[in-house]
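Shown next: my_file-v1.cif, containing mmCIF, C-alpha atoms and all ligand atoms.
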```
data_input
loop_
_atom_site.label_atom_id
_atom_site.label_comp_id
_atom_site.auth_asym_id
_atom_site.auth_seq_id
_atom_site.Cartn_x
_atom_site.Cartn_y
_atom_site.Cartn_z
CA MET W 1035 17.69 3.06 23.76
CA SER W 1036 19.86 4.73 26.40
CA TRP W 1037 23.14 4.54 24.47
CA ALA W 1038 24.01 7.31 22.02
CA LEU W 1039 22.47 6.66 18.62
CA SER W 1040 23.69 7.36 15.10
CA ASP W 1041 21.49 9.42 12.75
CA PHE W 1042 20.43 6.11 11.21
CA GLY W 1043 19.55 4.72 14.65
CA LYS W 1044 17.64 7.84 15.60
CA GLN W 1045 15.52 7.82 12.48
CA LEU W 1046 14.60 4.16 12.68
CA SER W 1047 14.03 3.89 16.41
CA ASP W 1048 12.05 7.11 16.81
CA GLY W 1049 8.71 5.77 17.99
CA THR W 1050 6.73 9.00 17.60
CA GLY W 1051 4.11 9.68 14.94
CA ILE W 1052 3.05 6.62 13.03
CA GLY W 1053 4.98 4.29 15.37
CA GLU W 1054 2.88 5.56 18.25
CA LEU W 1055 -0.28 5.15 16.22
CA MET W 1056 0.52 1.58 15.21
CA ASP W 1057 1.16 0.86 18.88
CA ASP W 1058 -2.29 2.26 19.70
CA LEU W 1059 -3.89 0.01 17.09
CA GLY W 1060 -1.97 -3.03 18.32
CA HIS W 1061 -2.93 -2.43 21.96
CA ALA W 1062 -6.56 -1.90 21.04
CA LEU W 1063 -6.64 -5.21 19.17
CA ALA W 1064 -4.95 -7.02 22.07
CA GLN W 1065 -7.72 -5.93 24.46
CA GLU W 1066 -10.24 -7.99 22.46
CA ARG W 1067 -13.16 -5.75 23.46
CA ASP W 1068 -16.55 -6.61 22.00
CA ASP W 1069 -17.29 -2.97 21.18
CA LEU W 1070 -14.00 -2.42 19.34
CA CYS W 1071 -14.31 -1.09 15.76
CA MET W 1072 -10.86 -1.69 14.30
CA LEU W 1073 -10.95 0.24 11.03
CA GLY W 1074 -7.32 1.29 11.14
CA GLY W 1075 -5.01 -1.38 9.74
CA GLY W 1076 -4.04 -2.77 6.34
CA GLN W 1077 -4.74 -6.33 7.37
CA PRO W 1078 -6.28 -8.50 4.63
CA ALA W 1079 -9.59 -10.16 5.49
CA HIS W 1080 -9.61 -13.82 6.50
CA ILE W 1081 -11.49 -15.21 3.52
CA PRO W 1082 -12.44 -18.86 4.22
CA ASP W 1083 -12.12 -19.98 0.55
CA ILE W 1084 -8.62 -18.55 0.46
CA GLU W 1085 -7.52 -19.93 3.84
CA MET W 1086 -8.68 -23.38 2.69
CA ILE W 1087 -6.15 -23.18 -0.15
CA TRP W 1088 -3.32 -22.35 2.25
CA SER W 1089 -4.29 -25.34 4.44
CA ARG W 1090 -4.34 -27.58 1.38
CA ARG W 1091 -0.92 -26.38 0.26
CA LEU W 1092 0.55 -26.87 3.76
CA ARG W 1093 -0.77 -30.44 3.76
CA GLU W 1094 0.74 -31.02 0.31
CA ILE W 1095 4.10 -29.63 1.45
CA THR W 1096 4.19 -31.76 4.59
CA SER W 1097 3.31 -34.92 2.68
CA GLU W 1098 5.72 -34.42 -0.24
CA PRO W 1099 8.98 -36.35 0.37
CA GLY W 1100 11.86 -33.96 1.05
CA ALA W 1101 9.72 -30.81 0.88
CA ILE W 1102 9.94 -29.93 4.59
CA GLY W 1103 13.72 -30.14 4.44
CA ARG W 1104 13.83 -27.85 1.40
CA VAL W 1105 11.30 -25.31 2.63
CA LEU W 1106 12.28 -25.06 6.30
CA GLY W 1107 15.80 -26.38 6.30
CA HIS W 1108 17.48 -24.48 3.44
CA TYR W 1109 18.90 -21.03 3.01
CA GLU W 1110 17.70 -20.23 -0.52
CA PRO W 1111 19.69 -17.83 -2.76
CA PRO W 1112 19.14 -14.20 -1.64
CA ALA W 1113 17.22 -13.33 -4.81
CA GLY W 1114 14.70 -16.08 -3.99
CA ASN W 1115 13.85 -19.64 -4.98
CA THR W 1116 14.60 -20.28 -8.65
CA ASP W 1117 11.38 -22.23 -9.35
CA PHE W 1118 9.36 -19.44 -7.76
CA ARG W 1119 11.14 -16.73 -9.75
CA THR W 1120 10.68 -18.72 -12.96
CA SER W 1121 6.98 -19.25 -12.29
CA VAL W 1122 6.47 -15.52 -11.70
CA ALA W 1123 8.35 -14.58 -14.88
CA GLN W 1124 6.35 -17.10 -16.93
CA LEU W 1125 3.05 -15.85 -15.50
CA PHE W 1126 3.80 -12.30 -16.63
CA GLN W 1127 5.02 -13.54 -20.03
CA ARG W 1128 1.81 -15.52 -20.54
CA GLU W 1129 -0.56 -12.88 -19.25
CA TYR W 1130 0.99 -9.66 -20.52
CA GLY W 1131 3.64 -10.71 -23.05
CA TRP W 1132 6.50 -9.19 -21.02
CA GLN W 1133 9.90 -10.42 -22.15
CA ILE W 1134 11.23 -11.36 -18.71
CA GLY W 1135 12.93 -14.37 -17.16
CA PRO W 1136 13.82 -15.39 -13.58
CA GLU W 1137 16.76 -12.98 -13.72
CA ASN W 1138 14.18 -10.14 -13.75
CA VAL W 1139 12.41 -11.36 -10.61
CA GLY W 1140 13.71 -10.89 -7.06
CA VAL W 1141 12.23 -11.80 -3.68
CA THR W 1142 12.39 -9.58 -0.59
CA LEU W 1143 11.15 -9.76 3.00
CA GLY W 1144 7.76 -8.31 2.14
CA GLY W 1145 7.21 -5.32 -0.10
CA GLN W 1146 8.18 -3.09 2.82
CA SER W 1147 11.81 -4.29 2.76
CA ALA W 1148 11.94 -3.88 -1.00
CA PHE W 1149 11.20 -0.18 -0.52
CA PHE W 1150 13.72 0.20 2.26
CA LEU W 1151 16.44 -1.31 0.08
CA LEU W 1152 15.45 0.45 -3.14
CA PHE W 1153 14.92 3.91 -1.61
CA ASN W 1154 18.24 3.83 0.21
CA ALA W 1155 20.12 2.40 -2.74
CA LEU W 1156 18.86 5.24 -4.93
CA ALA W 1157 18.37 8.24 -2.62
CA GLY W 1158 20.35 9.94 0.12
CA ARG W 1159 23.88 11.31 0.09
CA CYS W 1160 25.99 10.37 -2.87
CA GLY W 1161 29.41 11.87 -2.60
CA ASP W 1162 30.24 15.21 -0.98
CA ARG W 1163 27.93 17.58 -2.74
CA CYS W 1164 24.96 15.61 -3.89
CA SER W 1165 21.87 14.42 -2.09
CA LYS W 1166 19.12 12.58 -3.97
CA LYS W 1167 15.43 12.20 -3.22
CA ILE W 1168 12.55 9.85 -3.93
CA LEU W 1169 9.75 11.81 -5.59
CA PHE W 1170 6.12 10.94 -4.84
CA PRO W 1171 4.23 12.74 -7.61
CA ILE W 1172 0.86 12.49 -5.92
CA ALA W 1173 0.28 12.95 -2.19
CA PRO W 1174 -1.25 11.43 -0.11
CA GLU W 1175 0.83 8.25 -0.35
CA TYR W 1176 1.45 5.06 1.61
CA ILE W 1177 2.45 5.89 5.18
CA GLY W 1178 5.04 3.09 5.12
CA TYR W 1179 7.25 5.10 2.71
CA ALA W 1180 7.46 8.10 5.02
CA ASN W 1181 10.42 7.09 7.13
CA GLN W 1182 12.07 4.66 4.75
CA ALA W 1183 14.58 6.88 3.01
CA LEU W 1184 17.29 7.58 5.55
CA GLY W 1185 18.67 11.06 5.97
CA GLY W 1186 15.27 12.61 6.73
CA THR W 1187 15.07 14.91 3.73
CA SER W 1188 15.35 12.22 1.09
CA VAL W 1189 11.70 12.32 0.01
CA ARG W 1190 9.53 14.95 -1.62
CA SER W 1191 5.87 14.86 -2.59
CA MET W 1192 3.61 16.85 -4.87
CA LYS W 1193 0.11 18.09 -4.13
CA PRO W 1194 -2.55 16.50 -6.34
CA ILE W 1195 -5.30 18.11 -8.36
CA ILE W 1196 -8.58 17.50 -6.54
CA GLU W 1197 -11.41 16.70 -8.90
CA GLU W 1198 -14.77 17.04 -7.14
CA ILE W 1199 -17.39 14.64 -8.49
CA GLY W 1200 -21.06 15.27 -7.70
CA ASN W 1201 -21.89 16.31 -4.13
CA HIS W 1202 -20.01 13.68 -2.16
CA GLU W 1203 -17.24 12.13 -4.23
CA PHE W 1204 -13.77 13.22 -5.41
CA LYS W 1205 -10.63 11.89 -7.09
CA TYR W 1206 -6.99 12.96 -6.93
CA ARG W 1207 -5.09 13.36 -10.17
CA VAL W 1208 -1.40 13.94 -10.83
CA ASP W 1209 -0.75 17.66 -11.32
CA PHE W 1210 1.47 17.33 -14.39
CA GLU W 1211 1.42 21.12 -14.98
CA ASN W 1212 3.41 21.65 -11.80
CA LEU W 1213 5.37 18.41 -11.79
CA GLU W 1214 9.00 19.14 -12.39
CA ILE W 1215 11.57 16.38 -12.16
CA THR W 1216 14.85 17.85 -10.97
CA ASP W 1217 18.42 16.54 -11.01
CA GLU W 1218 17.96 15.81 -7.30
CA ASP W 1219 15.27 13.20 -7.95
CA ALA W 1220 16.58 9.64 -7.88
CA ALA W 1221 13.29 7.85 -8.64
CA ILE W 1222 9.57 8.48 -8.97
CA CYS W 1223 7.34 6.25 -6.85
CA VAL W 1224 3.58 5.60 -6.76
CA SER W 1225 1.36 2.95 -5.22
CA ARG W 1226 -1.32 1.69 -7.63
CA PRO W 1227 -3.97 1.10 -6.28
CA THR W 1228 -2.99 3.77 -3.78
CA ASN W 1229 -2.95 3.20 -0.08
CA PRO W 1230 -4.62 5.28 1.53
CA THR W 1231 -7.03 6.66 -1.09
CA GLY W 1232 -8.09 3.68 -3.21
CA ASN W 1233 -7.07 5.74 -6.25
CA VAL W 1234 -5.88 3.87 -9.32
CA LEU W 1235 -3.68 6.07 -11.47
CA THR W 1236 -4.93 5.86 -15.05
CA ASP W 1237 -2.91 4.10 -17.76
CA GLN W 1238 -2.32 7.56 -19.23
CA GLU W 1239 -0.99 8.98 -15.94
CA ILE W 1240 1.34 5.99 -15.58
CA SER W 1241 2.57 6.31 -19.13
CA ARG W 1242 3.29 10.06 -18.64
CA LEU W 1243 5.17 9.36 -15.40
CA ALA W 1244 7.16 6.58 -17.09
CA SER W 1245 8.13 8.87 -19.92
CA LEU W 1246 9.17 11.70 -17.52
CA ALA W 1247 11.31 9.20 -15.58
CA ARG W 1248 12.86 7.80 -18.76
CA LYS W 1249 13.81 11.30 -19.96
CA LYS W 1250 15.67 11.87 -16.68
CA ASN W 1251 17.18 8.39 -16.73
CA ILE W 1252 15.67 7.49 -13.38
CA PRO W 1253 13.30 4.58 -12.56
CA LEU W 1254 9.57 4.75 -12.05
CA ILE W 1255 8.76 2.51 -9.07
CA ILE W 1256 5.19 1.17 -9.16
CA ASP W 1257 3.98 -0.46 -5.96
CA ASN W 1258 1.44 -3.05 -7.06
CA ALA W 1259 0.77 -4.49 -3.57
CA TYR W 1260 -3.02 -4.47 -4.20
CA GLY W 1261 -2.89 -4.67 -7.98
CA ALA W 1262 -3.38 -7.15 -10.81
CA PRO W 1263 -2.88 -9.98 -11.50
CA PHE W 1264 -2.77 -10.86 -7.77
CA PRO W 1265 -4.39 -10.01 -5.40
CA ASN W 1266 -6.30 -7.88 -7.91
CA ALA W 1267 -8.10 -5.70 -5.37
CA VAL W 1268 -8.87 -3.41 -8.30
CA PHE W 1269 -12.38 -2.18 -9.17
CA THR W 1270 -11.61 -0.29 -12.36
CA GLN W 1271 -9.84 -0.85 -15.66
CA ALA W 1272 -6.06 -0.66 -15.20
CA ALA W 1273 -3.38 -2.57 -17.06
CA PRO W 1274 -0.24 -3.62 -15.17
CA VAL W 1275 2.76 -2.02 -16.85
CA TRP W 1276 6.42 -2.94 -16.98
CA ASN W 1277 9.40 -2.09 -19.11
CA GLU W 1278 13.13 -1.82 -18.44
CA ASP W 1279 12.72 1.67 -16.95
CA ILE W 1280 10.13 0.52 -14.43
CA ILE W 1281 10.61 -1.27 -11.11
CA LEU W 1282 7.38 -3.09 -10.30
CA THR W 1283 6.82 -4.45 -6.80
CA LEU W 1284 4.25 -7.03 -5.73
CA SER W 1285 3.55 -8.87 -2.50
CA LEU W 1286 1.86 -12.01 -1.23
CA SER W 1287 0.50 -10.07 1.77
CA LYS W 1288 -2.76 -8.75 0.41
CA ILE W 1289 -3.73 -12.08 -1.12
CA GLY W 1290 -3.77 -13.36 2.46
CA LEU W 1291 -0.18 -14.33 3.32
CA PRO W 1292 1.25 -11.31 5.22
CA GLY W 1293 2.77 -13.67 7.79
CA THR W 1294 5.04 -15.20 5.15
CA ARG W 1295 6.73 -11.81 4.48
CA THR W 1296 7.12 -12.27 0.72
CA GLY W 1297 7.74 -9.32 -1.57
CA ILE W 1298 8.40 -9.64 -5.30
CA VAL W 1299 10.32 -7.17 -7.45
CA ILE W 1300 10.24 -7.20 -11.25
CA ALA W 1301 13.02 -5.12 -12.75
CA ARG W 1302 15.97 -5.24 -15.06
CA GLU W 1303 18.64 -7.73 -14.15
CA ASP W 1304 21.12 -5.28 -12.62
CA VAL W 1305 18.45 -4.07 -10.18
CA ILE W 1306 17.66 -7.65 -9.13
CA ASP W 1307 21.39 -8.37 -8.68
CA ALA W 1308 21.75 -5.30 -6.47
CA LEU W 1309 18.69 -6.27 -4.40
CA SER W 1310 20.02 -9.79 -4.02
CA SER W 1311 23.33 -8.44 -2.73
CA MET W 1312 21.56 -6.10 -0.30
CA THR W 1313 19.35 -8.94 0.97
CA SER W 1314 22.41 -11.08 1.62
CA HIS W 1315 23.97 -8.28 3.70
CA VAL W 1316 20.84 -7.46 5.67
CA GLY W 1317 19.27 -10.88 6.21
CA LEU W 1318 21.25 -13.54 4.29
CA ALA W 1319 18.15 -14.93 2.60
CA ASN W 1320 14.37 -14.58 2.44
CA VAL W 1321 11.52 -16.56 3.99
CA ASN W 1322 10.81 -19.67 1.88
CA ILE W 1323 7.35 -20.70 2.99
CA GLY W 1324 5.29 -18.16 1.03
CA GLN W 1325 7.17 -18.94 -2.17
CA ALA W 1326 6.65 -22.69 -1.59
CA ILE W 1327 2.93 -22.23 -0.94
CA VAL W 1328 2.20 -20.26 -4.10
CA THR W 1329 4.64 -21.64 -6.71
CA PRO W 1330 2.25 -24.39 -7.97
CA LEU W 1331 -0.67 -21.94 -7.88
CA ILE W 1332 1.31 -19.58 -10.10
CA GLU W 1333 2.41 -22.40 -12.42
CA THR W 1334 -1.15 -23.62 -12.97
CA GLY W 1335 -2.72 -20.17 -13.05
CA GLU W 1336 -4.90 -21.02 -10.01
CA ILE W 1337 -3.69 -17.81 -8.37
CA LEU W 1338 -5.35 -15.80 -11.16
CA ASN W 1339 -8.57 -17.69 -10.78
CA LEU W 1340 -8.60 -17.05 -7.01
CA SER W 1341 -7.76 -13.39 -7.46
CA ASN W 1342 -10.43 -12.83 -10.11
CA THR W 1343 -13.25 -14.94 -8.73
CA VAL W 1344 -12.78 -14.73 -4.95
CA ILE W 1345 -10.54 -11.85 -3.88
CA GLN W 1346 -11.57 -9.15 -6.33
CA PRO W 1347 -15.35 -9.65 -5.85
CA TYR W 1348 -14.89 -9.90 -2.07
CA TYR W 1349 -13.15 -6.54 -1.69
CA PHE W 1350 -15.38 -4.88 -4.29
CA ARG W 1351 -18.41 -5.94 -2.21
CA LYS W 1352 -16.78 -4.66 0.99
CA SER W 1353 -16.04 -1.32 -0.65
CA GLN W 1354 -19.66 -0.99 -1.81
CA GLN W 1355 -20.90 -1.97 1.63
CA ALA W 1356 -18.70 0.61 3.37
CA GLN W 1357 -19.80 3.32 0.94
CA SER W 1358 -23.45 2.57 1.53
CA PHE W 1359 -22.98 2.72 5.34
CA ALA W 1360 -21.06 5.99 5.02
CA ARG W 1361 -23.75 7.55 2.82
CA ALA W 1362 -26.53 6.33 5.12
CA CYS W 1363 -24.82 7.70 8.27
CA PHE W 1364 -23.51 11.03 6.94
CA ASP W 1365 -26.23 13.64 6.71
CA ASP W 1366 -26.50 15.06 3.19
CA SER W 1367 -25.84 18.55 4.55
CA LEU W 1368 -22.44 17.42 5.90
CA PRO W 1369 -19.58 18.60 3.62
CA TYR W 1370 -18.14 15.10 3.28
CA ARG W 1371 -16.58 13.51 0.22
CA ILE W 1372 -15.42 9.94 -0.38
CA HIS W 1373 -12.49 9.36 -2.71
CA ARG W 1374 -13.63 7.29 -5.70
CA SER W 1375 -13.00 3.72 -4.52
CA GLU W 1376 -11.05 2.07 -7.34
CA GLY W 1377 -9.06 -0.49 -5.36
CA ALA W 1378 -7.15 -1.44 -2.16
CA PHE W 1379 -8.80 -1.93 1.26
CA PHE W 1380 -9.77 1.59 2.38
CA LEU W 1381 -12.22 4.42 2.00
CA TRP W 1382 -10.60 7.85 2.13
CA LEU W 1383 -12.93 10.43 3.63
CA TRP W 1384 -12.55 14.19 3.26
CA PHE W 1385 -14.45 16.58 5.54
CA ASP W 1386 -14.03 19.98 3.91
CA GLY W 1387 -13.47 22.74 6.47
CA LEU W 1388 -13.41 20.30 9.40
CA PRO W 1389 -13.20 22.57 12.48
CA ILE W 1390 -10.88 20.18 14.36
CA SER W 1391 -7.77 18.38 13.08
CA ALA W 1392 -7.95 14.81 11.80
CA ARG W 1393 -5.66 13.91 14.70
CA GLU W 1394 -8.16 15.35 17.20
CA LEU W 1395 -10.98 13.50 15.44
CA TYR W 1396 -8.90 10.31 15.75
CA GLN W 1397 -8.57 10.91 19.52
CA ARG W 1398 -12.32 11.46 19.91
CA LEU W 1399 -13.08 8.29 17.93
CA LYS W 1400 -10.51 6.34 19.92
CA ARG W 1401 -12.31 7.29 23.14
CA ARG W 1402 -15.36 5.57 21.63
CA ASN W 1403 -13.31 2.51 20.60
CA VAL W 1404 -13.34 3.30 16.90
CA PHE W 1405 -9.86 3.15 15.39
CA VAL W 1406 -9.10 4.81 12.04
CA VAL W 1407 -5.94 6.48 10.71
CA PRO W 1408 -5.86 10.30 10.65
CA GLY W 1409 -5.01 11.54 7.15
CA ASN W 1410 -2.13 13.90 8.04
CA TYR W 1411 0.37 11.01 8.23
CA PHE W 1412 -0.01 10.28 4.52
CA PHE W 1413 1.03 13.79 3.41
CA PHE W 1414 4.77 13.49 4.08
CA GLY W 1415 7.44 15.25 2.01
CA LEU W 1416 5.22 18.22 1.06
CA ASP W 1417 6.57 21.77 1.03
CA ASP W 1418 3.24 23.32 1.95
CA CYS W 1419 2.81 22.41 5.62
CA HIS W 1420 -0.18 24.75 5.95
CA TRP W 1421 -2.38 23.03 3.39
CA ARG W 1422 -5.57 22.53 5.35
CA HIS W 1423 -6.69 19.50 3.35
CA ARG W 1424 -3.99 17.43 5.11
CA ASP W 1425 -5.91 17.75 8.35
CA GLU W 1426 -9.36 17.07 6.96
CA CYS W 1427 -9.08 13.41 5.89
CA LEU W 1428 -9.40 9.97 7.46
CA ARG W 1429 -8.46 6.51 6.18
CA VAL W 1430 -11.06 3.91 7.12
CA THR W 1431 -10.44 0.22 6.37
CA PHE W 1432 -13.36 -1.73 4.87
CA THR W 1433 -12.10 -5.30 5.30
CA MET W 1434 -13.96 -5.81 8.61
CA PRO W 1435 -17.31 -7.58 9.10
CA LYS W 1436 -20.49 -5.72 8.20
CA GLU W 1437 -21.63 -5.07 11.81
CA ILE W 1438 -18.30 -3.45 12.69
CA LEU W 1439 -18.38 -1.25 9.59
CA GLN W 1440 -21.94 -0.17 10.30
CA ARG W 1441 -21.28 0.68 13.96
CA GLY W 1442 -18.00 2.36 13.05
CA TYR W 1443 -19.57 4.66 10.44
CA GLN W 1444 -22.41 5.53 12.81
CA ILE W 1445 -19.92 6.69 15.45
CA ILE W 1446 -17.71 8.50 12.91
CA ALA W 1447 -20.80 10.36 11.67
CA GLU W 1448 -21.81 11.34 15.24
CA GLU W 1449 -18.33 12.67 16.04
CA VAL W 1450 -18.00 14.53 12.75
CA HIS W 1451 -21.43 16.12 13.20
CA ALA W 1452 -20.47 17.13 16.74
CA ALA W 1453 -17.23 18.68 15.43
CA TYR W 1454 -19.08 20.88 12.90
CA LYS W 1455 -21.64 22.13 15.49
N1 LIG W 1501 2.78 -1.15 -0.30
C1 LIG W 1501 1.56 -0.77 0.11
C2 LIG W 1501 0.83 0.22 -0.71
C3 LIG W 1501 1.02 -1.29 1.30
O1 LIG W 1501 -0.20 -0.90 1.69
C4 LIG W 1501 1.78 -2.21 2.05
C5 LIG W 1501 1.27 -2.74 3.34
O2 LIG W 1501 0.27 -2.37 3.86
C6 LIG W 1501 3.04 -2.57 1.57
C7 LIG W 1501 3.51 -2.02 0.40
C8 LIG W 1501 3.93 -3.52 2.31
O3 LIG W 1501 3.36 -4.75 2.46
P1 LIG W 1501 4.21 -6.07 2.77
O4 LIG W 1501 5.53 -5.65 3.34
O5 LIG W 1501 3.37 -6.82 3.73
O6 LIG W 1501 4.40 -6.75 1.45
#
```

Using structure tokens, write down the structure that the file contains.
Amino acid sequence: MSWALSDFGKQLSDGTGIGELMDDLGHALAQERDDLCMLGGGQPAHIPDIEMIWSRRLREITSEPGAIGRVLGHYEPPAGNTDFRTSVAQLFQREYGWQIGPENVGVTLGGQSAFFLLFNALAGRCGDRCSKKILFPIAPEYIGYANQALGGTSVRSMKPIIEEIGNHEFKYRVDFENLEITDEDAAICVSRPTNPTGNVLTDQEISRLASLARKKNIPLIIDNAYGAPFPNAVFTQAAPVWNEDIILTLSLSKIGLPGTRTGIVIAREDVIDALSSMTSHVGLANVNIGQAIVTPLIETGEILNLSNTVIQPYYFRKSQQAQSFARACFDDSLPYRIHRSEGAFFLWLWFDGLPISARELYQRLKRRNVFVVPGNYFFFGLDDCHWRHRDECLRVTFTMPKEILQRGYQIIAEEVHAAYK
């Protein structure tokens, strides 16, 4: 923009870094080239059995008297549709015994907006002398958090412990020994399963983080965008957790409805009231269609059945497929490791001692029409800018068809081999 911008305006409209990258991915997709290997985005797969359900629900909505008027013609309350909120609360009561009601459930414009509102409500300048931060206890973390907290310095991250498993696998763990929660920290936040790594923090790690947060009287925010009970892109044992000290976020995006922009927040009532007020200021109300599509599926439990019998097995198979292509293409002598794939839509690859940066590897792959995301973008908020590991990783999406995955891994392997020569 050519007019002078505020600090807020500068931070949000700065198109460098990830903005540039997303633009690259978008342009590549728009070209519709046959040889394109788009392994860069967080787009859910188009699963025919799931899309059939959306078509059925749209037909039901259009044929139900008065439904079109309600769904398309009403501003709903800013916290969301009451039937939807009630159905979500009852689902979690039934499944996990949580003592929650509709007052503990709020709707936002996708999970992304929930983070924007929550991070800025909790962190940033508060009064003359105090500035609060969102703490990410285990980097790398979801790229979408990086620029959310306004004020630039309102986030901090901790390096993980790297546990090497066998010759070609690894897993990040929270480094509790070095994790200190300070008076500057306004909240602790993790994604579980984690985007980009596919890590699922163990129940024990979550319980230790929750207790550290409780002791400091700050919330633990758990981003459950890929988690149970829906979409349940989880390949390991992990119980969803909530109590009054936790803010749990969910989304309808990864179950296949990203276009409806529906985020769900489960939290104590005062948090939901605050979110509702913020939503009314920023956008008046939310989008109704996603809530209308899934409410009966939540009421009957069909959403659980779909998540457990269609979505979970689908992504588990894709993860296995991607791992087998990676292992077949990467020479055993190559110092590669794959993060243990416990959930979400990505494989996280680490090339120890990679002679070029992940960003340069991205450029070389892009020239061959293979699009991935270089790992450095996911290590925001770290003090140690010289940690080499940040430049040795790639995030590669596995939701694409088999042929694209196979060709993509072949080309990644060729470029990585060439880089080590
Ligand atoms: N959280 C994580 C971990 C994500 O990967 C994403 C999207 O990719 C989101 C939140 C935001 O998703 P949405 O705004 O579509 O709900």

Please tabulate, as a Markdown table, the residues of chain W that come within 10 Å of ligand LIG 1501 (chain W), each with its closest pair of atoms and the distance in Å to one decimal, counting all atoms listed in the file and ordering rows by chain, then residue number upward.
```
| residue | atom | partner | partner_atom | distance |
| --- | --- | --- | --- | --- |
| W:Gly1075 | CA | W:LIG1501 | O2 | 8.0 |
| W:Gly1076 | CA | W:LIG1501 | O2 | 5.0 |
| W:Gln1077 | CA | W:LIG1501 | O2 | 7.3 |
| W:Pro1078 | CA | W:LIG1501 | O2 | 9.0 |
| W:Thr1142 | CA | W:LIG1501 | O6 | 8.7 |
| W:Leu1143 | CA | W:LIG1501 | O4 | 7.0 |
| W:Gly1144 | CA | W:LIG1501 | O4 | 3.7 |
| W:Gly1145 | CA | W:LIG1501 | O6 | 3.5 |
| W:Gln1146 | CA | W:LIG1501 | O4 | 3.7 |
| W:Ser1147 | CA | W:LIG1501 | O4 | 6.5 |
| W:Ala1148 | CA | W:LIG1501 | O4 | 7.9 |
| W:Phe1149 | CA | W:LIG1501 | C7 | 8.0 |
| W:Glu1175 | CA | W:LIG1501 | C2 | 8.0 |
| W:Tyr1176 | CA | W:LIG1501 | C2 | 5.4 |
| W:Ile1177 | CA | W:LIG1501 | O1 | 8.1 |
| W:Gly1178 | CA | W:LIG1501 | C4 | 6.9 |
| W:Tyr1179 | CA | W:LIG1501 | N1 | 8.3 |
| W:Val1224 | CA | W:LIG1501 | C2 | 8.6 |
| W:Ser1225 | CA | W:LIG1501 | C2 | 5.3 |
| W:Arg1226 | CA | W:LIG1501 | C2 | 7.4 |
| W:Pro1227 | CA | W:LIG1501 | C2 | 7.4 |
| W:Thr1228 | CA | W:LIG1501 | C2 | 6.1 |
| W:Asn1229 | CA | W:LIG1501 | C2 | 4.9 |
| W:Pro1230 | CA | W:LIG1501 | O1 | 7.6 |
| W:Gly1232 | CA | W:LIG1501 | C2 | 9.9 |
| W:Ile1256 | CA | W:LIG1501 | N1 | 9.5 |
| W:Asp1257 | CA | W:LIG1501 | N1 | 5.8 |
| W:Asn1258 | CA | W:LIG1501 | N1 | 7.1 |
| W:Ala1259 | CA | W:LIG1501 | N1 | 5.1 |
| W:Tyr1260 | CA | W:LIG1501 | C2 | 7.0 |
| W:Gly1261 | CA | W:LIG1501 | C2 | 9.5 |
| W:Thr1283 | CA | W:LIG1501 | C7 | 8.3 |
| W:Leu1284 | CA | W:LIG1501 | O6 | 7.2 |
| W:Ser1285 | CA | W:LIG1501 | O6 | 4.6 |
| W:Leu1286 | CA | W:LIG1501 | O6 | 6.4 |
| W:Ser1287 | CA | W:LIG1501 | O5 | 4.8 |
| W:Lys1288 | CA | W:LIG1501 | O5 | 7.2 |
| W:Gly1290 | CA | W:LIG1501 | O5 | 9.8 |
| W:Leu1291 | CA | W:LIG1501 | O5 | 8.3 |
| W:Pro1292 | CA | W:LIG1501 | O5 | 5.2 |
| W:Gly1293 | CA | W:LIG1501 | O5 | 8.0 |
| W:Thr1294 | CA | W:LIG1501 | O5 | 8.7 |
| W:Arg1295 | CA | W:LIG1501 | O5 | 6.1 |
| W:Thr1296 | CA | W:LIG1501 | O6 | 6.2 |
| W:Gly1297 | CA | W:LIG1501 | O6 | 5.2 |
| W:Ile1298 | CA | W:LIG1501 | O6 | 8.4 |
| W:Ala1378 | CA | W:LIG1501 | O1 | 8.0 |
| W:Phe1379 | CA | W:LIG1501 | O1 | 8.7 |
| W:Phe1380 | CA | W:LIG1501 | O1 | 9.9 |
```

Near-Gln1346 (chain W) list (12 Å; all atoms listed in the file; drop same-chain fewer than 4 positions) as JSON, numbers by chain: {"W": [1081, 1084, 1260, 1261, 1262, 1263, 1264, 1265, 1266, 1267, 1268, 1269, 1270, 1288, 1289, 1337, 1338, 1339, 1340, 1341, 1342, 1350, 1351, 1352, 1353, 1376, 1377, 1378, 1379]}

For a quick check of understanding, using only C-alpha atoms, which of W:Asn1201, W:Leu1254, W:Thr1216, W:Arg1393 has the smallest distance to Leu1055 (chain W)?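 Of all the options, W:Arg1393 lies closest to Leu1055 (chain W).
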
Tell me, as a CSV table (one decimal) with C-alpha atoms, in the coordinates of the input, which residues lie within 8 Å of Asn1320 (chain W), counting only C-alpha atoms; anything in the same chain fewer than 6 positions away does not count.
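Everything below was put into around.csv:
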```csv
chain,number,residue,atom,x,y,z
W,1109,TYR,CA,18.9,-21.0,3.0
W,1110,GLU,CA,17.7,-20.2,-0.5
W,1112,PRO,CA,19.1,-14.2,-1.6
W,1113,ALA,CA,17.2,-13.3,-4.8
W,1114,GLY,CA,14.7,-16.1,-4.0
W,1141,VAL,CA,12.2,-11.8,-3.7
W,1142,THR,CA,12.4,-9.6,-0.6
W,1143,LEU,CA,11.2,-9.8,3.0
W,1296,THR,CA,7.1,-12.3,0.7
W,1313,THR,CA,19.4,-8.9,1.0
```

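For the pair CA of Lys1205 (chain W) and CA of Val1404 (chain W), the separation is 25.6 Å.
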
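When only C-alpha atoms are used to compute distances to Phe1413 (chain W), the closest of the residues W:Ser1311, W:Ala1173, W:Trp1132, W:Ala1273 turns out to be W:Ala1173.
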